[in-house]
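Dropping coords_28.txt in here (compact mmCIF, C-alpha atoms):
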# COMPACT_ATOMS: atom_id res chain seq x y z
CA MET M 1 84.18 70.85 -122.28
CA SER M 2 86.28 68.99 -119.70
CA THR M 3 87.05 65.35 -120.25
CA THR M 4 87.13 62.49 -117.78
CA VAL M 5 89.00 59.26 -117.76
CA LYS M 6 88.15 55.64 -117.22
CA SER M 7 90.90 53.31 -116.14
CA ALA M 8 91.86 49.87 -114.90
CA ALA M 9 94.95 48.36 -113.29
CA VAL M 10 95.91 44.68 -113.30
CA SER M 11 99.03 42.99 -111.90
CA HIS M 12 100.14 39.36 -111.93
CA VAL M 13 103.11 37.61 -110.35
CA GLY M 14 103.90 35.70 -113.55
CA LYS M 15 104.66 32.01 -113.97
CA ILE M 16 108.11 31.83 -112.37
CA ARG M 17 108.50 34.53 -109.70
CA SER M 18 107.48 33.66 -106.14
CA ASN M 19 106.42 37.20 -105.28
CA ASN M 20 105.17 40.25 -107.14
CA GLN M 21 107.75 43.04 -107.25
CA ASP M 22 105.53 45.22 -109.46
CA SER M 23 103.17 47.90 -108.17
CA GLY M 24 100.49 49.84 -109.99
CA TYR M 25 98.09 52.69 -109.23
CA ALA M 26 95.09 53.95 -111.19
CA GLY M 27 93.64 57.03 -109.50
CA ARG M 28 91.43 59.96 -110.47
CA GLN M 29 94.16 62.07 -112.09
CA LEU M 30 97.30 60.00 -111.48
CA PHE M 31 98.39 56.66 -112.97
CA VAL M 32 101.61 54.82 -112.09
CA VAL M 33 103.48 51.59 -112.82
CA ALA M 34 106.62 50.64 -110.88
CA ASP M 35 108.78 47.55 -111.43
CA GLY M 36 110.95 46.68 -108.42
CA MET M 37 114.42 45.19 -108.30
CA GLY M 38 116.54 43.76 -105.51
CA GLY M 39 115.67 40.12 -105.00
CA HIS M 40 112.86 38.41 -103.09
CA ALA M 41 112.50 40.97 -100.29
CA GLY M 42 113.65 44.17 -101.97
CA GLY M 43 111.98 44.91 -105.25
CA ASP M 44 108.48 44.59 -103.84
CA ILE M 45 109.31 47.02 -101.02
CA ALA M 46 110.93 49.54 -103.37
CA SER M 47 108.04 49.60 -105.83
CA ALA M 48 105.47 49.76 -103.03
CA ILE M 49 107.25 52.68 -101.35
CA ALA M 50 107.46 54.53 -104.65
CA VAL M 51 103.84 54.05 -105.69
CA ASN M 52 102.41 54.86 -102.23
CA ARG M 53 104.47 58.05 -102.06
CA ILE M 54 103.74 59.14 -105.64
CA ALA M 55 100.01 58.45 -105.11
CA GLU M 56 99.95 61.45 -102.77
CA ALA M 57 100.15 63.62 -105.89
CA ASP M 58 96.74 62.39 -107.09
CA ARG M 59 94.92 65.72 -106.91
CA ALA M 60 93.88 68.59 -109.16
CA PHE M 61 96.48 71.09 -110.35
CA ASN M 62 96.09 74.51 -111.88
CA SER M 63 98.36 73.75 -114.80
CA ALA M 64 100.20 70.89 -116.43
CA HIS M 65 103.50 72.55 -115.51
CA ASP M 66 102.52 72.48 -111.84
CA ALA M 67 101.59 68.81 -112.22
CA GLU M 68 104.90 68.05 -113.94
CA PHE M 69 106.87 69.66 -111.10
CA ALA M 70 104.77 67.87 -108.47
CA LEU M 71 105.27 64.53 -110.22
CA GLN M 72 109.02 64.98 -110.47
CA SER M 73 109.17 66.03 -106.81
CA ALA M 74 107.15 62.95 -105.82
CA LEU M 75 109.63 60.66 -107.58
CA ILE M 76 112.58 62.36 -105.89
CA ALA M 77 110.81 62.02 -102.53
CA ALA M 78 110.17 58.34 -103.23
CA ASN M 79 113.86 57.92 -104.04
CA SER M 80 114.75 59.42 -100.63
CA LEU M 81 112.28 57.14 -98.84
CA ILE M 82 113.84 54.08 -100.47
CA ALA M 83 117.32 55.24 -99.40
CA GLU M 84 116.09 55.81 -95.84
CA THR M 85 114.55 52.34 -95.76
CA VAL M 86 117.86 50.81 -96.87
CA PHE M 87 119.63 52.75 -94.10
CA ASP M 88 117.24 51.24 -91.53
CA HIS M 89 117.37 47.79 -93.15
CA PRO M 90 120.89 47.20 -94.59
CA GLU M 91 119.83 43.78 -95.83
CA LEU M 92 117.84 45.63 -98.52
CA THR M 93 120.92 47.38 -99.92
CA GLY M 94 120.63 47.64 -103.68
CA MET M 95 116.86 47.59 -103.96
CA GLY M 96 115.31 49.99 -106.43
CA THR M 97 112.44 50.45 -108.85
CA THR M 98 111.49 51.80 -112.23
CA VAL M 99 108.62 54.29 -112.36
CA THR M 100 106.42 55.49 -115.19
CA ALA M 101 103.69 57.92 -114.17
CA ILE M 102 101.20 60.28 -115.79
CA LEU M 103 99.19 63.05 -114.12
CA ARG M 104 96.21 64.52 -116.02
CA VAL M 105 95.29 68.19 -116.08
CA ASP M 106 92.27 68.72 -118.35
CA HIS M 107 93.43 67.99 -121.92
CA GLN M 108 97.12 67.60 -121.00
CA LEU M 109 99.24 64.96 -119.33
CA ALA M 110 102.37 65.46 -117.26
CA ILE M 111 104.76 62.51 -117.60
CA ALA M 112 107.57 61.35 -115.31
CA HIS M 113 109.68 58.33 -116.20
CA ILE M 114 112.78 56.46 -115.07
CA GLY M 115 113.80 52.90 -115.96
CA ASP M 116 112.33 50.57 -118.55
CA SER M 117 108.65 50.43 -117.71
CA ARG M 118 106.78 52.04 -120.59
CA LEU M 119 104.04 54.46 -121.55
CA TYR M 120 102.20 53.86 -124.82
CA LEU M 121 99.63 56.01 -126.61
CA TYR M 122 96.99 54.26 -128.70
CA ARG M 123 95.33 56.88 -130.92
CA ALA M 124 93.24 56.33 -134.06
CA GLY M 125 94.36 52.72 -134.35
CA VAL M 126 98.09 53.48 -134.05
CA LEU M 127 100.24 52.46 -131.05
CA GLU M 128 103.22 54.67 -130.16
CA GLN M 129 105.83 54.22 -127.44
CA VAL M 130 106.05 57.57 -125.64
CA THR M 131 108.81 56.91 -123.11
CA ILE M 132 112.40 55.89 -123.81
CA ASP M 133 113.92 52.92 -121.97
CA HIS M 134 116.85 53.81 -119.72
CA THR M 135 118.75 50.67 -120.64
CA PHE M 136 122.21 49.91 -121.92
CA VAL M 137 120.94 48.47 -125.18
CA GLN M 138 118.77 51.55 -125.80
CA ARG M 139 121.95 53.62 -125.52
CA LEU M 140 123.51 51.39 -128.17
CA VAL M 141 120.46 51.82 -130.40
CA ASP M 142 120.45 55.60 -129.93
CA SER M 143 124.13 55.78 -130.82
CA GLY M 144 123.62 53.64 -133.92
CA ARG M 145 125.78 50.77 -132.69
CA ILE M 146 122.98 48.18 -132.94
CA THR M 147 119.48 48.01 -134.40
CA ALA M 148 116.24 47.75 -132.42
CA GLU M 149 115.94 44.16 -133.62
CA GLU M 150 119.41 43.33 -132.28
CA ALA M 151 118.55 45.06 -128.98
CA ALA M 152 115.61 42.70 -128.47
CA VAL M 153 117.97 39.70 -128.21
CA HIS M 154 121.08 41.43 -126.85
CA PRO M 155 122.66 39.64 -123.84
CA ARG M 156 122.80 42.99 -121.97
CA ARG M 157 119.20 43.96 -122.62
CA SER M 158 118.38 43.54 -118.91
CA VAL M 159 120.89 46.16 -117.74
CA LEU M 160 119.27 49.39 -116.51
CA MET M 161 121.16 52.67 -116.38
CA ARG M 162 118.67 54.65 -114.25
CA VAL M 163 116.26 53.71 -111.44
CA LEU M 164 114.95 55.05 -108.14
CA GLY M 165 116.96 53.52 -105.29
CA ASP M 166 119.75 53.99 -102.80
CA VAL M 167 122.36 54.83 -105.45
CA GLU M 168 121.82 58.50 -106.31
CA ALA M 169 120.28 61.21 -104.12
CA SER M 170 118.91 63.06 -107.17
CA PRO M 171 118.44 60.62 -110.06
CA GLU M 172 117.77 62.04 -113.52
CA ILE M 173 114.06 61.73 -114.31
CA ASP M 174 112.53 62.26 -117.75
CA THR M 175 109.53 64.61 -117.65
CA ALA M 176 107.28 65.99 -120.38
CA ILE M 177 103.88 67.53 -121.03
CA VAL M 178 101.78 66.15 -123.88
CA GLU M 179 98.34 66.84 -125.28
CA THR M 180 95.61 64.22 -125.02
CA GLU M 181 92.37 63.95 -126.92
CA PRO M 182 88.99 62.28 -126.36
CA GLY M 183 89.32 58.73 -127.60
CA ASP M 184 92.98 58.40 -126.63
CA ARG M 185 94.00 55.25 -124.79
CA TRP M 186 97.12 55.39 -122.63
CA VAL M 187 98.87 52.22 -121.46
CA LEU M 188 101.44 52.05 -118.67
CA CYS M 189 103.17 48.69 -118.24
CA SER M 190 106.14 46.94 -116.69
CA ASP M 191 108.55 45.09 -118.94
CA GLY M 192 106.70 41.89 -118.07
CA LEU M 193 104.38 42.96 -120.89
CA SER M 194 106.66 44.83 -123.30
CA SER M 195 109.38 42.13 -123.27
CA TYR M 196 107.04 39.29 -124.20
CA VAL M 197 104.12 40.74 -126.18
CA THR M 198 104.73 42.49 -129.50
CA GLU M 199 103.48 46.00 -130.12
CA GLU M 200 101.32 44.65 -132.93
CA LYS M 201 99.60 42.31 -130.49
CA ILE M 202 99.22 45.08 -127.90
CA ALA M 203 97.56 47.33 -130.50
CA ALA M 204 95.25 44.53 -131.66
CA THR M 205 94.20 43.84 -128.06
CA LEU M 206 93.50 47.52 -127.37
CA LYS M 207 91.42 47.70 -130.54
CA SER M 208 89.33 44.63 -129.78
CA HIS M 209 88.60 45.38 -126.09
CA PRO M 210 86.76 48.71 -125.58
CA SER M 211 86.60 48.34 -121.79
CA PRO M 212 89.81 49.42 -119.98
CA LYS M 213 89.44 46.53 -117.52
CA ASP M 214 88.92 43.97 -120.29
CA ALA M 215 91.89 45.39 -122.22
CA ALA M 216 94.20 45.35 -119.18
CA GLU M 217 93.21 41.80 -118.24
CA ARG M 218 93.65 40.59 -121.81
CA LEU M 219 97.12 42.17 -122.09
CA VAL M 220 98.19 40.42 -118.89
CA ARG M 221 96.75 37.18 -120.27
CA GLU M 222 98.74 37.66 -123.51
CA SER M 223 101.91 37.94 -121.46
CA LEU M 224 101.06 34.81 -119.47
CA ASP M 225 100.37 32.96 -122.72
CA GLN M 226 103.95 33.80 -123.77
CA GLY M 227 105.35 32.23 -120.60
CA ALA M 228 105.55 35.47 -118.53
CA PRO M 229 108.48 34.54 -116.26
CA ASP M 230 108.53 38.10 -114.92
CA ASN M 231 105.84 40.00 -113.03
CA VAL M 232 103.50 41.88 -115.34
CA THR M 233 101.51 45.02 -114.52
CA VAL M 234 99.28 46.99 -116.87
CA VAL M 235 97.33 50.21 -116.35
CA VAL M 236 94.95 51.26 -119.14
CA VAL M 237 93.62 54.83 -119.15
CA ASP M 238 90.88 55.98 -121.54
CA VAL M 239 90.18 59.65 -122.15
CA ASP M 240 86.38 59.73 -122.25
CA HIS M 241 84.22 61.60 -124.73
CA THR M 242 81.34 62.23 -122.33
CA PRO M 243 81.76 65.06 -119.81
CA ASP M 244 79.31 63.66 -117.31
CA SER M 245 80.86 60.20 -116.95
CA ALA M 246 82.53 59.55 -113.61
CA SER M 247 86.12 58.40 -113.26
CA ASN M 248 86.83 55.07 -111.63
CA PRO M 249 87.66 55.08 -107.90
CA PRO M 250 91.42 54.79 -107.16
CA VAL M 251 92.83 51.27 -107.16
CA THR M 252 96.25 49.96 -106.14
CA VAL M 253 97.62 46.63 -107.40
CA GLY M 254 100.73 44.53 -106.90
CA SER M 255 103.00 44.84 -103.88
CA ALA M 256 101.76 48.39 -103.09
CA ALA M 257 98.33 46.93 -102.34
CA LEU M 258 99.79 44.91 -99.44
CA PRO M 259 101.19 46.03 -96.08
CA LEU M 260 104.94 46.58 -96.10
CA SER M 261 106.78 43.79 -94.30
CA PHE M 262 110.50 43.37 -93.66
CA GLU M 263 112.26 40.09 -93.10
CA SER M 264 114.58 39.84 -90.12
CA ASP M 265 118.24 40.51 -90.76
CA ALA M 266 119.20 36.97 -89.80
CA GLY M 267 120.00 34.75 -92.72
CA ARG M 268 119.85 37.56 -95.27
CA LYS M 269 122.91 38.75 -97.16
CA PRO M 270 123.02 42.38 -98.29
CA LEU M 271 122.41 42.75 -102.02
CA ARG M 272 125.07 45.01 -103.44
CA LEU M 273 125.21 46.80 -106.75
CA PRO M 274 126.28 46.09 -109.37
CA THR M 275 125.89 42.34 -108.78
CA LEU M 276 122.10 42.33 -109.26
CA LEU M 277 120.25 41.46 -112.46
CA LEU M 278 117.27 43.67 -113.18
CA HIS M 279 114.39 42.18 -115.15
CA PRO M 280 116.07 38.79 -115.67
CA LEU M 281 115.78 36.88 -118.89
CA LYS M 282 113.31 34.06 -119.28
CA ALA M 283 115.47 31.42 -117.67
CA ALA M 284 117.10 33.66 -115.05
CA PRO M 285 116.58 33.49 -111.27
CA GLU M 286 114.81 36.14 -109.24
CA ASP M 287 117.74 38.50 -108.73
CA SER M 288 118.02 41.58 -110.94
CA HIS M 289 120.67 43.83 -112.46
CA PHE M 290 121.17 47.62 -112.29
CA GLU M 291 124.23 49.60 -113.23
CA PRO M 292 124.59 53.35 -112.54
CA GLU M 293 124.75 55.63 -115.53
CA SER M 294 128.41 56.66 -115.56
CA ASP M 295 130.63 57.31 -118.55
CA GLU M 296 133.29 54.93 -117.20
CA TYR M 297 130.87 52.05 -116.79
CA LEU M 298 129.11 52.80 -120.07
CA GLN M 299 132.44 52.76 -121.90
CA GLU M 300 133.27 49.45 -120.20
CA LEU M 301 130.00 47.95 -121.39
CA ILE M 302 130.51 49.31 -124.89
CA ALA M 303 134.04 47.87 -124.93
CA GLU M 304 132.69 44.52 -123.77
CA ASP M 305 130.00 44.66 -126.43
CA ARG M 306 132.66 45.45 -129.02
CA ARG M 307 134.71 42.46 -127.88
CA ARG M 308 131.60 40.30 -128.11
CA ALA M 309 130.96 41.58 -131.64
CA ILE M 310 134.56 40.76 -132.61
CA ARG M 311 134.19 37.25 -131.18
CA ARG M 312 130.97 36.80 -133.13
CA ARG M 313 132.68 38.02 -136.30
CA VAL M 314 135.66 35.70 -135.78
CA THR M 315 133.31 32.79 -135.07
CA TRP M 316 131.35 33.64 -138.22
CA LEU M 317 134.50 33.85 -140.34
CA VAL M 318 135.81 30.55 -138.95
CA SER M 319 132.44 28.91 -139.61
CA VAL M 320 132.37 30.27 -143.15
CA GLY M 321 135.94 29.05 -143.66
CA LEU M 322 135.07 25.57 -142.42
CA ILE M 323 131.98 25.42 -144.62
CA ALA M 324 134.00 26.61 -147.62
CA ALA M 325 136.68 24.00 -146.89
CA LEU M 326 134.04 21.27 -146.70
CA ILE M 327 132.53 22.43 -149.96
CA VAL M 328 135.93 22.50 -151.69
CA THR M 329 136.79 19.08 -150.25
CA GLY M 330 133.49 17.72 -151.47
CA LEU M 331 134.06 19.15 -154.92
CA VAL M 332 137.59 17.70 -155.12
CA VAL M 333 136.44 14.27 -153.95
CA GLY M 334 133.49 14.39 -156.30
CA TYR M 335 135.65 15.40 -159.26
CA ARG M 336 138.13 12.65 -158.54
CA TRP M 337 135.28 10.15 -158.49
CA THR M 338 134.03 11.36 -161.88
CA GLN M 339 137.47 10.68 -163.33
CA THR M 340 137.09 6.98 -162.53
CA ARG M 341 134.01 6.77 -164.78
CA TYR M 342 133.87 6.14 -168.56
CA TYR M 343 131.30 6.30 -171.32
CA VAL M 344 131.08 5.96 -175.09
CA GLY M 345 129.76 8.82 -177.17
CA ALA M 346 130.10 10.79 -180.37
CA ASN M 347 133.11 13.03 -181.02
CA GLY M 348 131.93 14.85 -184.05
CA ASN M 349 131.42 12.23 -186.76
CA THR M 350 133.30 9.45 -185.01
CA VAL M 351 132.85 7.33 -181.89
CA ALA M 352 135.12 7.92 -178.86
CA ILE M 353 135.69 6.77 -175.31
CA PHE M 354 135.24 9.57 -172.76
CA LYS M 355 136.69 9.72 -169.27
CA GLY M 356 134.37 11.32 -166.68
CA VAL M 357 130.60 11.72 -166.52
CA GLN M 358 128.14 13.08 -169.03
CA GLN M 359 126.91 15.93 -166.74
CA GLY M 360 128.65 19.25 -166.27
CA ILE M 361 128.57 22.10 -163.77
CA GLY M 362 127.37 25.07 -165.78
CA PRO M 363 129.95 25.69 -168.49
CA ILE M 364 132.44 23.33 -166.81
CA SER M 365 132.63 19.90 -168.45
CA LEU M 366 133.29 16.91 -166.21
CA SER M 367 134.61 14.67 -169.01
CA GLU M 368 137.33 14.54 -171.66
CA ILE M 369 138.19 12.29 -174.60
CA HIS M 370 140.19 9.29 -173.44
CA ALA M 371 140.51 7.42 -176.76
CA GLU M 372 139.36 8.14 -180.30
CA THR M 373 138.24 5.44 -182.77
CA SER M 374 137.85 5.24 -186.52
CA ILE M 375 134.22 4.13 -186.25
CA ARG M 376 132.01 6.62 -188.05
CA VAL M 377 128.68 7.43 -186.45
CA ASP M 378 126.83 7.32 -189.78
CA SER M 379 128.07 3.74 -190.33
CA LEU M 380 126.12 2.48 -187.34
CA SER M 381 122.61 1.08 -187.36
CA ASP M 382 119.83 3.47 -186.38
CA PHE M 383 119.56 1.86 -182.93
CA GLU M 384 123.31 1.98 -182.32
CA ARG M 385 123.54 5.54 -183.63
CA ARG M 386 120.88 6.72 -181.16
CA GLN M 387 122.70 4.93 -178.33
CA VAL M 388 126.01 6.59 -179.17
CA LEU M 389 124.45 10.03 -179.57
CA ASP M 390 122.74 9.61 -176.17
CA THR M 391 126.04 8.18 -174.75
CA ILE M 392 126.52 4.68 -173.40
CA THR M 393 127.66 4.44 -169.77
CA ALA M 394 130.44 1.92 -169.07
CA ARG M 395 131.28 0.24 -165.78
CA ASP M 396 135.01 0.89 -166.28
CA LEU M 397 137.57 1.33 -169.06
CA ASP M 398 137.55 -2.33 -170.05
CA ASP M 399 133.77 -2.24 -170.37
CA ALA M 400 134.06 0.86 -172.59
CA ARG M 401 136.50 -0.95 -174.84
CA ASP M 402 134.10 -3.95 -175.08
CA ILE M 403 131.35 -1.54 -176.16
CA ILE M 404 133.63 -0.20 -178.89
CA ASP M 405 134.37 -3.78 -180.06
CA ARG M 406 130.64 -4.53 -180.31
CA LEU M 407 130.01 -1.36 -182.32
CA ASP M 408 132.86 -2.24 -184.64
CA HIS M 409 131.52 -5.74 -185.46
CA ASP M 410 130.18 -4.70 -188.86
CA ASP M 411 133.41 -3.11 -190.00

Represent the structure of the file as structure tokens.
Amino acid sequence: MSTTVKSAAVSHVGKIRSNNQDSGYAGRQLFVVADGMGGHAGGDIASAIAVNRIAEADRAFNSAHDAEFALQSALIAANSLIAETVFDHPELTGMGTTVTAILRVDHQLAIAHIGDSRLYLYRAGVLEQVTIDHTFVQRLVDSGRITAEEAAVHPRRSVLMRVLGDVEASPEIDTAIVETEPGDRWVLCSDGLSSYVTEEKIAATLKSHPSPKDAAERLVRESLDQGAPDNVTVVVVDVDHTPDSASNPPVTVGSAALPLSFESDAGRKPLRLPTLLLHPLKAAPEDSHFEPESDEYLQELIAEDRRRAIRRRVTWLVSVGLIAALIVTGLVVGYRWTQTRYYVGANGNTVAIFKGVQQGIGPISLSEIHAETSIRVDSLSDFERRQVLDTITARDLDDARDIIDRLDHDD
């Protein structure tokens, strides 16, 4: 029994960007999300070129392997088209795009992926990230240098190592073939969603919204509720149980849904790698950052990260040292103050003047005998005896001596 799919695609410019550099496509067999880079008039063109070219692969294939090859070829062709566009329009130098795409063949999916847009599988209430981000921090996580939690706040988390663009003629593209089942829900998204909405919240949204359109719209809304400075694009694909249900008609969203337009060369400066910032942080401007995946550059970034870690460690040690010094200073000052205080109390069976305070710090006593007397505790009245046993605080040494004189009045 063949399965069908129901899908929806939603894209939003976000709350800070002035234009949408994302593109999305939800077709009959093919589903794509692309996140552009390259400034105001670059990223939108790159993602639109990629999605429109890859959409030509939206047709039936005899096998998932054929679909995988066709999808990979479509991404390479899109990469060439972007490079040709840059040649004709030098002001667009440095533009590029991430791409995450799936192509369905019966009960299997062919996957092609480059960049940090993501593909998730929601199956039986569990959300799983299928693709791996081609980012610098993901390299650090994979090599065990940092944890996933540290990667989420790393200052280099915006640096991409692989994209489609005018950098490499044959970029390395991740491809795979996976099985899909009736009831599966696949989610393709730009980092405008994954960077601002937790996986727990994504899973809860997918669970509570059975309709692909409702789920996609709600996920975009969740991103906007978190501030969504970046563009956000979501494609939700449901593998249907019923063989007679019709797939949705193809829909294109984001910059790919608009006619391509190029600004005149006048007044535009060429954007050159590696000075761009891809997928800027929440307070960053519209430019974006991509760095090619080379061992020399990767080692440079790792060395920089190591230097940053050393600076953090030195800062931490200095801070700990300062705190320790303050604590020690406070203890010294506090102890010296206690040694200006006096009280009268019992020293065994006799009364004595103590220097310090009655309290201690654990086993450490903060007082010592200053002067012993011959006054016996059992010679005092019941009231005086209780006072001495509870200790009598004196204002100073003279006051302590006056207390001793008063206690000695009966002798």

(message) If we count all atoms listed in the file and set the cut-off at 12 Å, which residues sit around M:Ser374, ignoring sequence neighbours fewer than 4 positions away in its own chain? Please answer as a ChimeraX atom specification.
(response) /M:346-353,378-379,404-405,407-408,411

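The list of residues with at least one atom within 12 Å of M:Val141, based on all atoms listed in the file and without residues fewer than 3 positions apart in the same chain, reads Ile132, Asp133, His134, Thr135, Phe136, Val137, Gln138, Gly144, Arg145, Ile146, Thr147, Ala148, Glu149, Glu150, Ala151, Ala152, His154, Arg157 and Ile302 of chain M.
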
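The spacing separating atom CA of M:Ile16 from atom CA of M:Asp35 amounts to 15.8 Å.
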
(request) Go through M:Ala50, M:Ser73, M:Arg406, M:Leu109 and flag the residue nearest M:Leu260, using only C-alpha atoms for the distances. (result) M:Ala50

So that each row is one residue of stretch 72-150 of chain M with an atom at most 10 Å from stretch 232-240 of chain M, can you give its shortest atom pair and the distance in Å to one decimal, using all atoms listed in the file, rows by chain and rising number, as CSV?
residue,atom,partner,partner_atom,distance
M:Ile102,CA,M:Val237,CA,9.9
M:Arg104,CA,M:Val239,CA,9.9
M:His107,CA,M:Val239,CA,9.0
M:Ser117,CA,M:Thr233,CA,9.5
M:Arg118,CA,M:Val234,CA,9.8
M:Leu119,CA,M:Val235,CA,9.5
M:Tyr120,CA,M:Val236,CA,9.6
M:Leu121,CA,M:Val237,CA,9.7
M:Tyr122,CA,M:Asp238,CA,9.6

Keeping C-alpha atoms, export the residues of the selection given above as an mmCIF file, in the coordinates of the input.
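The result, written out as out-v3.cif:
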data_model
loop_
_atom_site.group_PDB
_atom_site.id
_atom_site.type_symbol
_atom_site.label_atom_id
_atom_site.label_comp_id
_atom_site.auth_asym_id
_atom_site.auth_seq_id
_atom_site.Cartn_x
_atom_site.Cartn_y
_atom_site.Cartn_z
ATOM 1 C CA ILE M 102 101.200 60.280 -115.790
ATOM 2 C CA ARG M 104 96.210 64.520 -116.020
ATOM 3 C CA HIS M 107 93.430 67.990 -121.920
ATOM 4 C CA SER M 117 108.650 50.430 -117.710
ATOM 5 C CA ARG M 118 106.780 52.040 -120.590
ATOM 6 C CA LEU M 119 104.040 54.460 -121.550
ATOM 7 C CA TYR M 120 102.200 53.860 -124.820
ATOM 8 C CA LEU M 121 99.630 56.010 -126.610
ATOM 9 C CA TYR M 122 96.990 54.260 -128.700
#

(request) Determine the nearest neighbour of M:Ala46 from the options M:Ala256, M:Leu224, M:Leu71, M:Leu188, counting all atoms listed in the file. (result) M:Ala256
